[in-house]
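Shown below: work27.txt, with compact mmCIF, C-alpha atoms.
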```
# COMPACT_ATOMS: atom_id res chain seq x y z
CA MET A 1 14.61 -50.72 32.86
CA ALA A 2 12.52 -53.65 34.02
CA HIS A 3 9.45 -54.64 32.04
CA GLN A 4 6.38 -53.90 34.13
CA LYS A 5 3.54 -56.25 33.14
CA LEU A 6 0.11 -54.72 33.65
CA SER A 7 -2.75 -56.68 35.22
CA PRO A 8 -6.22 -56.90 33.56
CA ARG A 9 -7.48 -54.48 36.23
CA GLN A 10 -4.79 -51.96 35.24
CA TYR A 11 -5.73 -52.33 31.55
CA ALA A 12 -9.36 -51.67 32.56
CA ILE A 13 -8.28 -48.45 34.30
CA LEU A 14 -6.41 -47.39 31.13
CA GLY A 15 -9.64 -48.17 29.22
CA LEU A 16 -11.57 -45.80 31.49
CA VAL A 17 -8.88 -43.14 30.90
CA SER A 18 -9.42 -43.63 27.15
CA VAL A 19 -13.22 -43.47 27.09
CA CYS A 20 -14.09 -40.84 29.72
CA ALA A 21 -11.87 -38.03 28.37
CA PRO A 22 -13.14 -37.75 24.77
CA LEU A 23 -16.78 -38.25 25.81
CA GLY A 24 -16.36 -35.53 28.46
CA ASP A 25 -14.75 -33.15 25.96
CA THR A 26 -17.60 -33.78 23.49
CA CYS A 27 -20.17 -32.89 26.17
CA LEU A 28 -18.23 -29.70 27.03
CA SER A 29 -18.12 -28.70 23.38
CA MET A 30 -21.90 -29.24 23.00
CA GLY A 31 -22.50 -27.26 26.19
CA MET A 32 -20.32 -24.31 25.21
CA LYS A 33 -22.17 -24.00 21.89
CA GLN A 34 -25.34 -23.24 23.87
CA VAL A 35 -23.68 -20.57 26.05
CA PRO A 36 -23.55 -16.92 24.93
CA ASN A 37 -20.14 -15.40 24.20
CA VAL A 38 -17.94 -15.15 27.27
CA SER A 39 -15.62 -12.15 27.66
CA LEU A 40 -12.71 -11.63 30.05
CA ALA A 41 -14.56 -8.59 31.41
CA HIS A 42 -17.26 -10.89 32.84
CA PRO A 43 -15.48 -14.06 34.04
CA ALA A 44 -18.45 -14.97 36.29
CA SER A 45 -20.41 -15.99 33.19
CA LEU A 46 -17.77 -18.73 32.62
CA VAL A 47 -18.46 -20.08 36.11
CA ALA A 48 -22.24 -19.96 35.44
CA ALA A 49 -21.67 -22.10 32.32
CA VAL A 50 -20.45 -24.93 34.60
CA PHE A 51 -24.02 -25.49 35.82
CA THR A 52 -25.61 -26.09 32.40
CA PRO A 53 -26.60 -29.79 31.81
CA TRP A 54 -24.14 -30.71 29.03
CA ILE A 55 -21.21 -29.05 30.78
CA ALA A 56 -22.20 -30.66 34.11
CA LEU A 57 -22.30 -34.10 32.40
CA GLY A 58 -18.96 -33.34 30.73
CA ILE A 59 -17.46 -32.43 34.10
CA ALA A 60 -18.82 -35.67 35.68
CA LEU A 61 -17.15 -37.72 32.91
CA LEU A 62 -13.93 -35.74 33.30
CA ILE A 63 -13.94 -36.42 37.07
CA GLY A 64 -14.18 -40.16 36.23
CA PHE A 65 -11.31 -39.67 33.79
CA PHE A 66 -9.23 -37.83 36.39
CA ALA A 67 -9.70 -40.50 39.07
CA SER A 68 -8.63 -43.29 36.70
CA TYR A 69 -5.83 -41.10 35.28
CA LEU A 70 -4.37 -40.48 38.77
CA THR A 71 -4.53 -44.21 39.54
CA ALA A 72 -2.75 -45.02 36.26
CA LEU A 73 -0.05 -42.41 36.93
CA SER A 74 0.70 -44.04 40.29
CA TRP A 75 1.96 -47.23 38.56
CA ALA A 76 2.89 -46.09 35.03
CA ASP A 77 4.91 -43.34 33.34
CA LEU A 78 3.24 -40.18 32.05
CA THR A 79 4.52 -40.95 28.54
CA TYR A 80 2.91 -44.43 28.79
CA VAL A 81 -0.50 -43.17 30.00
CA LEU A 82 -0.85 -40.18 27.64
CA PRO A 83 -1.26 -42.19 24.38
CA ALA A 84 -4.14 -44.02 26.10
CA THR A 85 -6.00 -40.69 26.32
CA ALA A 86 -5.57 -40.24 22.55
CA PHE A 87 -6.74 -43.81 21.92
CA GLY A 88 -10.15 -42.74 23.24
CA ASN A 89 -10.60 -40.43 20.23
CA MET A 90 -10.30 -43.50 18.02
CA ILE A 91 -12.96 -45.34 20.07
CA VAL A 92 -15.33 -42.38 19.60
CA GLU A 93 -14.58 -42.41 15.85
CA MET A 94 -15.36 -46.14 15.60
CA LEU A 95 -18.61 -45.63 17.55
CA SER A 96 -19.67 -42.77 15.28
CA ARG A 97 -19.01 -44.94 12.20
CA PHE A 98 -20.45 -48.29 13.28
CA ALA A 99 -23.07 -47.31 15.92
CA LEU A 100 -24.29 -43.96 14.58
CA HIS A 101 -23.53 -44.80 10.90
CA GLU A 102 -21.87 -41.41 10.35
CA ALA A 103 -19.54 -40.82 7.41
CA VAL A 104 -15.85 -40.95 8.38
CA SER A 105 -13.37 -39.38 5.95
CA ILE A 106 -10.12 -41.03 4.80
CA GLN A 107 -8.20 -38.38 6.75
CA ARG A 108 -9.94 -39.50 9.97
CA TRP A 109 -9.28 -43.19 9.24
CA LEU A 110 -5.62 -42.26 8.70
CA GLY A 111 -5.68 -40.49 12.08
CA CYS A 112 -7.13 -43.64 13.70
CA LEU A 113 -4.44 -45.78 12.09
CA LEU A 114 -1.59 -43.52 13.27
CA ILE A 115 -2.95 -43.40 16.84
CA THR A 116 -3.35 -47.20 16.91
CA ILE A 117 0.23 -47.70 15.70
CA GLY A 118 1.50 -45.11 18.21
CA VAL A 119 -0.36 -46.72 21.13
CA GLY A 120 0.85 -50.16 19.99
CA PHE A 121 4.44 -48.88 20.04
CA VAL A 122 4.14 -47.64 23.63
CA ALA A 123 2.08 -50.58 24.92
CA GLN A 124 4.75 -53.09 23.88
CA GLY A 125 7.39 -51.30 25.95
CA PRO A 126 7.80 -51.04 29.70
CA SER A 127 5.10 -49.11 31.56
CA LEU A 128 7.35 -47.63 34.23
CA THR A 129 10.87 -46.19 34.33
CA VAL A 130 12.71 -47.81 37.22
CA HIS A 131 15.52 -45.59 38.46
CA PRO A 132 18.45 -47.46 40.06
CA ALA A 133 18.63 -46.93 43.82
CA PRO A 134 21.45 -44.56 44.81
CA ALA A 135 24.48 -46.35 46.20
CA THR A 136 24.50 -46.07 50.01
CA GLN A 137 27.70 -44.54 51.35
CA VAL A 138 28.97 -46.29 54.47
CA THR A 139 30.30 -43.74 56.94
CA VAL A 140 32.88 -44.96 59.38
CA PRO A 141 32.67 -43.32 62.82
CA ALA A 142 35.75 -41.31 63.79
CA GLU A 143 36.49 -43.55 66.81
CA GLU A 144 36.57 -46.69 64.65
CA GLU A 145 38.76 -44.88 62.15
CA GLN A 146 41.23 -43.98 64.90
CA ALA A 147 41.21 -47.57 66.26
CA ARG A 148 42.37 -48.75 62.84
CA MET B 1 -22.63 -20.14 20.03
CA ASN B 2 -19.16 -20.02 18.49
CA VAL B 3 -17.57 -17.03 16.83
CA PRO B 4 -16.04 -17.85 13.44
CA ALA B 5 -12.24 -18.07 13.41
CA SER B 6 -11.98 -15.12 11.03
CA THR B 7 -13.11 -12.67 13.77
CA VAL B 8 -10.14 -13.63 15.96
CA GLY B 9 -6.65 -12.65 14.78
CA PHE B 10 -3.69 -15.03 14.48
CA TRP B 11 -1.83 -13.88 17.63
CA PRO B 12 -4.85 -13.93 19.98
CA ALA B 13 -5.74 -17.42 18.68
CA ALA B 14 -2.11 -18.60 19.09
CA GLY B 15 -2.04 -17.08 22.59
CA MET B 16 -5.24 -18.90 23.63
CA ILE B 17 -3.92 -22.24 22.34
CA ALA B 18 -0.45 -21.65 23.88
CA ALA B 19 -2.09 -20.91 27.24
CA ILE B 20 -3.97 -24.26 27.11
CA ILE B 21 -0.81 -26.18 26.15
CA LEU B 22 1.40 -24.52 28.79
CA ALA B 23 -1.09 -24.85 31.65
CA SER B 24 -1.99 -28.41 30.67
CA SER B 25 1.65 -29.57 30.38
CA VAL B 26 2.72 -28.01 33.70
CA GLY B 27 -0.39 -29.46 35.38
CA GLU B 28 0.15 -32.98 34.03
CA ILE B 29 3.85 -33.04 34.90
CA LEU B 30 3.17 -31.82 38.46
CA THR B 31 0.34 -34.36 38.85
CA ALA B 32 2.53 -37.20 37.54
CA ALA B 33 5.33 -36.15 39.94
CA ALA B 34 2.80 -36.14 42.80
CA MET B 35 1.50 -39.63 41.98
CA LYS B 36 5.04 -41.00 41.69
CA SER B 37 5.90 -39.56 45.12
CA ILE B 38 2.73 -41.07 46.66
CA GLY B 39 3.28 -44.58 45.24
CA ASP B 40 0.95 -47.26 43.86
CA LEU B 41 -2.63 -46.21 44.74
CA ASP B 42 -3.88 -49.81 44.41
CA GLU B 43 -1.43 -50.92 47.11
CA ILE B 44 -2.30 -47.98 49.37
CA ARG B 45 -5.99 -48.80 48.97
CA ALA B 46 -5.33 -52.46 49.79
CA HIS B 47 -3.60 -51.44 53.03
CA SER B 48 -5.56 -48.36 54.15
CA GLY B 49 -8.81 -48.59 52.17
CA LEU B 50 -10.28 -45.93 49.85
CA PRO B 51 -10.19 -43.16 52.53
CA GLY B 52 -6.47 -43.86 53.02
CA ALA B 53 -5.82 -43.58 49.28
CA ILE B 54 -7.82 -40.32 49.05
CA ARG B 55 -5.96 -38.97 52.11
CA ALA B 56 -2.60 -39.86 50.53
CA VAL B 57 -3.51 -37.88 47.39
CA LEU B 58 -5.06 -34.90 49.19
CA THR B 59 -2.10 -34.43 51.55
CA CYS B 60 0.41 -34.16 48.70
CA PRO B 61 1.28 -30.46 47.96
CA LEU B 62 2.50 -31.27 44.42
CA PHE B 63 -0.97 -32.63 43.63
CA PHE B 64 -2.58 -29.26 44.42
CA GLY B 65 -0.03 -27.49 42.22
CA GLY B 66 -0.96 -29.87 39.39
CA VAL B 67 -4.70 -29.46 39.90
CA THR B 68 -4.36 -25.66 39.94
CA PHE B 69 -2.65 -25.68 36.54
CA LEU B 70 -5.11 -28.27 35.15
CA ALA B 71 -8.01 -26.07 36.29
CA LEU B 72 -6.31 -23.13 34.57
CA ALA B 73 -6.02 -25.26 31.40
CA PHE B 74 -9.71 -26.23 31.66
CA PHE B 75 -10.94 -22.62 31.89
CA SER B 76 -8.51 -21.62 29.11
CA LEU B 77 -10.09 -24.38 26.98
CA LEU B 78 -13.63 -23.16 27.76
CA TYR B 79 -12.58 -19.58 26.92
CA ALA B 80 -10.91 -20.67 23.66
CA LEU B 81 -13.90 -22.84 22.63
CA ASN B 82 -16.08 -19.79 23.07
CA HIS B 83 -13.99 -17.74 20.62
CA LEU B 84 -12.43 -20.28 18.25
CA PRO B 85 -13.87 -23.27 16.35
CA LEU B 86 -13.47 -26.70 17.95
CA GLY B 87 -11.79 -27.86 14.71
CA LEU B 88 -8.87 -25.52 15.44
CA VAL B 89 -8.63 -25.67 19.26
CA ALA B 90 -8.95 -29.46 19.69
CA PRO B 91 -6.30 -30.67 17.19
CA ALA B 92 -3.79 -27.92 17.96
CA SER B 93 -3.94 -28.18 21.75
CA ALA B 94 -4.36 -31.98 21.98
CA SER B 95 -1.59 -32.87 19.56
CA LEU B 96 0.99 -30.29 20.70
CA THR B 97 0.38 -31.11 24.37
CA LEU B 98 1.51 -34.70 23.69
CA VAL B 99 4.89 -33.49 22.45
CA THR B 100 5.42 -30.89 25.23
CA ASN B 101 4.46 -33.53 27.82
CA ALA B 102 6.97 -36.03 26.41
CA ALA B 103 9.70 -33.37 26.58
CA GLY B 104 8.62 -32.36 30.10
CA ALA B 105 8.52 -35.99 31.28
CA LYS B 106 12.09 -36.51 30.06
CA LEU B 107 13.40 -33.22 31.49
CA PHE B 108 11.60 -33.00 34.82
CA LEU B 109 10.37 -36.52 35.66
CA LYS B 110 13.53 -38.20 34.30
CA GLU B 111 11.38 -40.75 32.46
CA ASN B 112 13.13 -42.98 29.98
CA VAL B 113 11.59 -41.44 26.84
CA ASP B 114 13.39 -43.69 24.37
CA ARG B 115 13.08 -43.74 20.58
CA ARG B 116 9.99 -45.96 20.84
CA ARG B 117 8.13 -43.37 22.97
CA TRP B 118 9.23 -40.41 20.83
CA ILE B 119 7.98 -42.19 17.67
CA ALA B 120 4.72 -43.01 19.47
CA ALA B 121 4.31 -39.39 20.65
CA VAL B 122 4.84 -38.04 17.12
CA LEU B 123 2.52 -40.68 15.51
CA VAL B 124 -0.24 -40.02 18.05
CA CYS B 125 0.29 -36.25 17.66
CA ILE B 126 -0.19 -36.43 13.86
CA GLY B 127 -3.08 -38.90 14.31
CA VAL B 128 -4.91 -36.61 16.75
CA TYR B 129 -4.39 -33.70 14.34
CA PHE B 130 -5.95 -35.68 11.46
CA LEU B 131 -8.78 -36.92 13.64
CA ALA B 132 -9.76 -33.59 15.14
CA HIS B 133 -9.05 -31.37 12.11
```
Would you give me this structure, written as structure tokens?
Amino acid sequence: MAHQKLSPRQYAILGLVSVCAPLGDTCLSMGMKQVPNVSLAHPASLVAAVFTPWIALGIALLIGFFASYLTALSWADLTYVLPATAFGNMIVEMLSRFALHEAVSIQRWLGCLLITIGVGFVAQGPSLTVHPAPATQVTVPAEEEQAR
Amino acid sequence: MNVPASTVGFWPAAGMIAAIILASSVGEILTAAAMKSIGDLDEIRAHSGLPGAIRAVLTCPLFFGGVTFLALAFFSLLYALNHLPLGLVAPASASLTLVTNAAGAKLFLKENVDRRRWIAAVLVCIGVYFLAH
């Protein structure tokens, strides 16, 4: 498996994958708290929820995530890109501690540490599995075979 | 407004979370397979421009299969968030999806999920659980 070195632009795309997903999920969560209970008997109310401001913002962020996620998947393995999505949770945690001055429990710091170690493990390895090209079988035409 | 977890039984809650994990894993594996079959989007964009890259993605049938399952996962998540607390849905679905995706990537995408990636998947899985719990 060859080591695929990522360019700064590709790291920036992985950064977008990291940041957009947790921020989008947070917006969705805030939006769904403002929506009345949704039952399976009235699925249309779930579609109506899509047009509320927080959920609309969440969807916009998730579209940004999806575009960068698709780009990343075109040059890296799924198991290489996925930890990057989890790394975004850690970024949100750091922001909440140092920008919003919220209290962060030891359990959450432990979670941050484990994610950082996990992402570090993956990031040091190759980004893409390179499968060996199948050996081409040379077929000898029947006439040539007879001539021999 | 969220309904407390106590009003939803164990099996319905497990079913909601399992639906998110299953739909999300199938969607992500199909999407990854689609992007691998299309090739490097940066190179396609360099040759054919942004419309060419968008056309390459939108003409891939596997991509639509993936998006269908991801949409299913999204609405399952919205439905679950409406009935279960975020503190249960987020850690359970996010962490378990990492493990099912790693298994799916090895089985179906033939990715080289070596010891390094398995350790990373498990560490991130536990980390996400701690973070979101």
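Residue nearest Tyr69 (chain A), chosen from A:Leu6, A:Val17, A:Ala56, A:Ala12 and counting only C-alpha atoms: A:Val17.
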Kindly determine which residues of chain B lie within 8 Å of chain A, considering only C-alpha atoms, and give the answer as a PyMOL selection string. chain B and resi 1-3+29+31-32+35-36+38-42+75+78-79+81-83+86+98+101-102+105+111-113+116-117+119-132
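Every protein or nucleic acid residue with an atom no more than 12 Å from Cys27 (chain A), counting all atoms listed in the file and leaving out same-chain residues fewer than 6 positions away, appears here: A:Cys20, A:Ala21, A:Lys33, A:Gln34, A:Val50, A:Thr52, A:Pro53, A:Trp54, A:Ile55, A:Ala56, A:Leu57, A:Gly58, A:Ile59, A:Ala60, A:Leu61, A:Leu62, B:Leu78.
Considering the residues B:Pro85, B:Ala46, B:Ala80, B:Arg55 and counting all atoms listed in the file, Pro12 (chain B) has its shortest atom-to-atom contact with B:Ala80.
You will find CA of Leu84 (chain B) at 10.2 Å from CA of Gly9 (chain B).
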Record the distance separating CA of Gly65 (chain B) and CA of Leu30 (chain B), expressed in Å with one decimal. 6.6 Å
Show me as an mmCIF file with C-alpha atoms, keeping the file's coordinate frame the residues that reach within 9 Å of (-5.7, -28.4, 32.3), counting all atoms listed in the file and using the file's own coordinates.
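So the final result, stored in point27.cif, reads:
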```cif
data_model
loop_
_atom_site.group_PDB
_atom_site.id
_atom_site.type_symbol
_atom_site.label_atom_id
_atom_site.label_comp_id
_atom_site.auth_asym_id
_atom_site.auth_seq_id
_atom_site.Cartn_x
_atom_site.Cartn_y
_atom_site.Cartn_z
ATOM 1 C CA ILE B 20 -3.970 -24.260 27.110
ATOM 2 C CA ILE B 21 -0.810 -26.180 26.150
ATOM 3 C CA LEU B 22 1.400 -24.520 28.790
ATOM 4 C CA ALA B 23 -1.090 -24.850 31.650
ATOM 5 C CA SER B 24 -1.990 -28.410 30.670
ATOM 6 C CA SER B 25 1.650 -29.570 30.380
ATOM 7 C CA VAL B 26 2.720 -28.010 33.700
ATOM 8 C CA GLY B 27 -0.390 -29.460 35.380
ATOM 9 C CA GLU B 28 0.150 -32.980 34.030
ATOM 10 C CA GLY B 66 -0.960 -29.870 39.390
ATOM 11 C CA VAL B 67 -4.700 -29.460 39.900
ATOM 12 C CA THR B 68 -4.360 -25.660 39.940
ATOM 13 C CA PHE B 69 -2.650 -25.680 36.540
ATOM 14 C CA LEU B 70 -5.110 -28.270 35.150
ATOM 15 C CA ALA B 71 -8.010 -26.070 36.290
ATOM 16 C CA LEU B 72 -6.310 -23.130 34.570
ATOM 17 C CA ALA B 73 -6.020 -25.260 31.400
ATOM 18 C CA PHE B 74 -9.710 -26.230 31.660
ATOM 19 C CA PHE B 75 -10.940 -22.620 31.890
ATOM 20 C CA SER B 76 -8.510 -21.620 29.110
ATOM 21 C CA LEU B 77 -10.090 -24.380 26.980
#
```
Surrounding residues of Ile54 (chain B) excluding itself and chain neighbours under 5 positions, 10 Å, all atoms listed in the file, as number ranges by chain: B: 41, 44-45, 48-49, 59
In Å, rounded to a single decimal, give me how far CA of Ser93 (chain B) is from CA of Val81 (chain A). 17.5 Å
Nearest to Ala53 (chain B): which of A:Ala44, A:Leu14, A:Ala67, A:Val19 is it, counting all atoms listed in the file? A:Ala67
5 Å per side around region 88-99 of chain A: axis-aligned box centre and edge lengths, as lines of an AutoDock Vina configuration file:
```
center_x = -16.6
center_y = -44.4
center_z = 17.7
size_x = 22.9
size_y = 17.9
size_z = 21.0
```
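Among the candidates B:Ala33, B:Phe63, B:Val57, B:Leu88, the one nearest to Phe108 (chain B) when counting only C-alpha atoms is B:Ala33.
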Quick one: region 21-61 of chain A with C-alpha atoms, as a compact mmCIF listing (two decimals), in the first residue's frame?
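Everything below was put into part24.txt:
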```txt
# COMPACT_ATOMS: atom_id res chain seq x y z
CA ALA A 21 -20.88 18.36 10.47
CA PRO A 22 -20.97 19.01 14.25
CA LEU A 23 -22.11 22.62 13.79
CA GLY A 24 -24.88 21.41 11.46
CA ASP A 25 -25.97 18.71 13.92
CA THR A 26 -26.05 21.29 16.75
CA CYS A 27 -28.33 23.55 14.67
CA LEU A 28 -30.62 20.58 13.89
CA SER A 29 -30.82 19.68 17.56
CA MET A 30 -31.72 23.29 18.51
CA GLY A 31 -34.32 23.37 15.74
CA MET A 32 -35.98 20.08 16.69
CA LYS A 33 -36.37 21.28 20.29
CA GLN A 34 -38.64 24.05 18.99
CA VAL A 35 -40.81 21.70 16.90
CA PRO A 36 -43.86 19.97 18.42
CA ASN A 37 -43.79 16.18 18.74
CA VAL A 38 -43.72 14.42 15.39
CA SER A 39 -45.61 11.13 14.98
CA LEU A 40 -45.39 8.53 12.21
CA ALA A 41 -49.10 9.12 11.57
CA HIS A 42 -48.32 12.66 10.35
CA PRO A 43 -44.98 12.47 8.49
CA ALA A 44 -45.71 15.77 6.68
CA SER A 45 -44.98 17.63 9.92
CA LEU A 46 -41.38 16.29 9.69
CA VAL A 47 -41.05 17.85 6.23
CA ALA A 48 -42.50 21.14 7.54
CA ALA A 49 -39.78 21.16 10.24
CA VAL A 50 -37.17 21.46 7.46
CA PHE A 51 -38.25 25.06 6.80
CA THR A 52 -37.70 26.38 10.34
CA PRO A 53 -34.63 28.72 10.64
CA TRP A 54 -32.35 26.57 12.82
CA ILE A 55 -33.04 23.42 10.81
CA ALA A 56 -32.57 25.34 7.53
CA LEU A 57 -29.18 26.64 8.80
CA GLY A 58 -28.28 23.13 9.95
CA ILE A 59 -29.14 21.75 6.51
CA ALA A 60 -27.01 24.48 4.80
CA LEU A 61 -24.02 23.51 6.98
```
